[in-house]
Amino acid sequence: MPLAPKDQWFVVHVLSGQEQKIHDNIVKRIKTEECGDVIFEILIPTERVQEIKRGKKTETTRKFFPGYLIINMHLFDEHDKIMEKPWTFIKETQGIIGFAGTKDRPIPMRPKEIQAMLAQMKEREENVIQKIVFEIGDKVKVADGPFQNQQGIVEEIDPERGKLRVSVSIFGRDTPVELEYWQVERA
């Protein structure tokens with residue numbers, strides 16, 4: 001049984017680093033070439049990442065499938081044949097390498113795969129991921145808080161909460177202190 005038009009999601013391989021440019025080009029061409037009836041949505045899966053640069057907390061957006069776009073389009077007709085209009089539109093778009101996983105017959109993502117990916121995108125959009133730049137055993141310097149300028153060693157990393165447990169020497173004794181990522185820097 002062929003998928004309904006809106007249930008056809010495809011992974012398209014594009015030039016890495018050009019995802020946004022290609023996305024914008026497709027969106028613009030959909031309007032000018034009147035393909036809105038066969039190409040419905042173009043996604044660039046991204047996540048928000050927080051890291052510390054020069055003592056300042058910064059937030060950036062990072063692609064979690066670099067080099068790929070996820071496109072919801074009507075590519076197969078009711079007889080499971082490739083429709084010429086969307087096929088040609090995608091194949092002739094500058095920067096597109098091809099459909100992922102095949103050369104001549106694209107395979108749509110399974111409904112479970114697309115649901116899981118959309119849920120993952122929504123979760124990553126809402127939650128900021130901490131970019132971990134520390135490892136257990138690293139020497140660090142406390143950059144903020146009551147232990148500012150103290151040196152210590154990373155004993156534990158909690159990426160879920162964005163915290164570190166650092167062993168800091170206080171009055172000649174090693175004391176474990178819980179700090180947030182942004183409060184420490186490499187020593």
# chains A, B, ... in the order shown; residues from 1 in each chain; ligands from 1
>>> residues_around(residues="Ile26 in chain A", least_positions_apart="4", cutoff="8 Å", atoms="only C-alpha atoms", output="number ranges by chain")
A: 22, 30, 93
>>> select_by_dssp(residues="chain A", states="strand (DSSP E or B)", output="PyMOL selection string")
chain A and resi 9-14+39-43+46-53+56-63+68-73+76+82+96-99+128-130+139-142+151-158+163-170+173-180+184-186
>>> select_by_dssp(residues="range 15-125 of chain A", states="helix (DSSP H, G or I)", output="MDAnalysis selection string")
chainID A and resid 19:32 84:91 111:125
>>> write_last_selection(atoms="N, CA and C atoms", output="compact mmCIF listing (two decimals), in the first residue's frame")
# COMPACT_ATOMS: atom_id res chain seq x y z
N GLU A 19 23.46 23.56 3.85
CA GLU A 19 22.10 23.14 4.14
C GLU A 19 21.10 24.30 4.14
N GLN A 20 21.44 25.39 4.82
CA GLN A 20 20.51 26.52 4.91
C GLN A 20 20.30 27.18 3.55
N LYS A 21 21.38 27.34 2.81
CA LYS A 21 21.30 27.96 1.48
C LYS A 21 20.41 27.12 0.55
N ILE A 22 20.60 25.81 0.58
CA ILE A 22 19.80 24.91 -0.27
C ILE A 22 18.35 24.91 0.19
N HIS A 23 18.13 24.89 1.50
CA HIS A 23 16.77 24.96 2.07
C HIS A 23 16.06 26.20 1.56
N ASP A 24 16.73 27.36 1.69
CA ASP A 24 16.13 28.63 1.27
C ASP A 24 15.85 28.64 -0.24
N ASN A 25 16.77 28.06 -1.02
CA ASN A 25 16.60 27.98 -2.47
C ASN A 25 15.36 27.14 -2.81
N ILE A 26 15.20 26.00 -2.14
CA ILE A 26 14.04 25.14 -2.39
C ILE A 26 12.76 25.88 -2.04
N VAL A 27 12.72 26.53 -0.88
CA VAL A 27 11.52 27.26 -0.45
C VAL A 27 11.15 28.33 -1.48
N LYS A 28 12.15 29.06 -1.96
CA LYS A 28 11.90 30.11 -2.96
C LYS A 28 11.40 29.51 -4.27
N ARG A 29 12.03 28.42 -4.71
CA ARG A 29 11.65 27.78 -5.98
C ARG A 29 10.27 27.13 -5.90
N ILE A 30 9.86 26.66 -4.72
CA ILE A 30 8.53 26.07 -4.57
C ILE A 30 7.48 27.09 -4.98
N LYS A 31 7.69 28.34 -4.56
CA LYS A 31 6.73 29.41 -4.90
C LYS A 31 6.80 29.76 -6.38
N THR A 32 8.00 29.99 -6.91
CA THR A 32 8.12 30.43 -8.30
C THR A 32 7.74 29.34 -9.30
N GLU A 84 7.22 12.75 -12.01
CA GLU A 84 8.27 13.51 -12.69
C GLU A 84 8.50 14.90 -12.07
N LYS A 85 7.43 15.62 -11.74
CA LYS A 85 7.55 17.01 -11.27
C LYS A 85 8.42 17.13 -10.01
N PRO A 86 8.11 16.42 -8.89
CA PRO A 86 8.96 16.57 -7.69
C PRO A 86 10.35 15.94 -7.88
N TRP A 87 10.42 14.84 -8.64
CA TRP A 87 11.70 14.17 -8.88
C TRP A 87 12.66 15.13 -9.59
N THR A 88 12.22 15.75 -10.65
CA THR A 88 13.05 16.68 -11.42
C THR A 88 13.38 17.92 -10.59
N PHE A 89 12.39 18.42 -9.86
CA PHE A 89 12.60 19.60 -9.02
C PHE A 89 13.78 19.37 -8.06
N ILE A 90 13.76 18.24 -7.34
CA ILE A 90 14.82 17.95 -6.37
C ILE A 90 16.14 17.67 -7.07
N LYS A 91 16.14 16.83 -8.09
CA LYS A 91 17.38 16.46 -8.78
C LYS A 91 18.07 17.66 -9.42
N PRO A 111 7.08 5.60 8.94
CA PRO A 111 6.36 6.50 9.85
C PRO A 111 6.98 6.55 11.25
N LYS A 112 7.43 5.40 11.78
CA LYS A 112 8.05 5.39 13.11
C LYS A 112 9.34 6.20 13.13
N GLU A 113 10.12 6.10 12.04
CA GLU A 113 11.39 6.84 11.95
C GLU A 113 11.14 8.34 11.95
N ILE A 114 10.17 8.78 11.14
CA ILE A 114 9.92 10.22 11.05
C ILE A 114 9.32 10.74 12.35
N GLN A 115 8.45 9.96 12.99
CA GLN A 115 7.88 10.39 14.28
C GLN A 115 8.97 10.54 15.32
N ALA A 116 9.88 9.57 15.37
CA ALA A 116 10.98 9.63 16.34
C ALA A 116 11.89 10.83 16.05
N MET A 117 12.17 11.07 14.76
CA MET A 117 13.04 12.19 14.41
C MET A 117 12.38 13.52 14.74
N LEU A 118 11.09 13.66 14.43
CA LEU A 118 10.38 14.91 14.73
C LEU A 118 10.33 15.14 16.25
N ALA A 119 10.11 14.07 17.02
CA ALA A 119 10.11 14.20 18.49
C ALA A 119 11.49 14.61 18.99
N GLN A 120 12.53 14.02 18.41
CA GLN A 120 13.91 14.37 18.79
C GLN A 120 14.21 15.83 18.45
N MET A 121 13.75 16.29 17.28
CA MET A 121 13.96 17.68 16.89
C MET A 121 13.25 18.62 17.85
N LYS A 122 12.02 18.30 18.22
CA LYS A 122 11.25 19.14 19.14
C LYS A 122 11.94 19.22 20.50
N GLU A 123 12.41 18.06 20.98
CA GLU A 123 13.09 18.03 22.27
C GLU A 123 14.39 18.84 22.23
N ARG A 124 15.15 18.68 21.16
CA ARG A 124 16.43 19.40 21.04
C ARG A 124 16.22 20.89 20.81
N GLU A 125 15.07 21.25 20.25
CA GLU A 125 14.74 22.66 20.04
C GLU A 125 14.41 23.33 21.37
>>> closest_residue(among="A:Glu160, A:Asp37, A:Glu185, A:Glu180", to="Val128 in chain A", atoms="only C-alpha atoms")
A:Glu160
>>> closest_residue(among="A:Trp182, A:Phe99, A:Phe147, A:Phe134", to="Leu69 in chain A", atoms="only C-alpha atoms")
A:Phe99
>>> closest_residue(among="A:Gln183, A:Pro106, A:Ile157, A:Gly162", to="Asp144 in chain A", atoms="only C-alpha atoms")
A:Gln183
>>> atom_distance(atom1="CA of His74 in chain A", atom2="CA of Gly98 in chain A")
16.3 Å
>>> residues_around(residues="Gly137 in chain A", least_positions_apart="3", cutoff="12 Å", atoms="only C-alpha atoms", output="PyMOL selection string")
chain A and resi 134+140+152-157+164-167+186-187
>>> write_last_selection(atoms="C-alpha atoms", output="compact mmCIF listing (two decimals), in the first residue's frame")
# COMPACT_ATOMS: atom_id res chain seq x y z
CA PHE A 134 35.97 18.80 30.16
CA VAL A 140 40.54 23.49 35.85
CA GLY A 152 41.06 21.89 41.00
CA ILE A 153 40.61 18.57 39.24
CA VAL A 154 37.40 17.38 37.57
CA GLU A 155 36.12 14.31 39.43
CA GLU A 156 32.65 13.91 37.92
CA ILE A 157 30.65 15.28 34.96
CA LEU A 164 30.89 19.28 37.34
CA ARG A 165 32.24 18.03 40.64
CA VAL A 166 35.67 19.53 41.09
CA SER A 167 38.14 18.71 43.85
CA ARG A 186 40.82 24.96 31.67
CA ALA A 187 43.82 25.62 33.89
>>> closest_residue(among="A:Ile71, A:Leu179, A:Ile129, A:Val168", to="Glu59 in chain A", atoms="only C-alpha atoms")
A:Ile129
>>> closest_residue(among="A:Gly145, A:Pro108, A:Gly172, A:Pro45", to="Asp80 in chain A", atoms="only C-alpha atoms")
A:Pro108
>>> residues_around(residues="Tyr68 in chain A", least_positions_apart="5", cutoff="7 Å", atoms="only C-alpha atoms", output="list of chain:residue names")
A:Val11, A:Val12, A:His13, A:Val14, A:Glu19
>>> closest_residue(among="A:Ala143, A:Val133, A:Met109, A:Ile96", to="Pro159 in chain A", atoms="only C-alpha atoms")
A:Val133
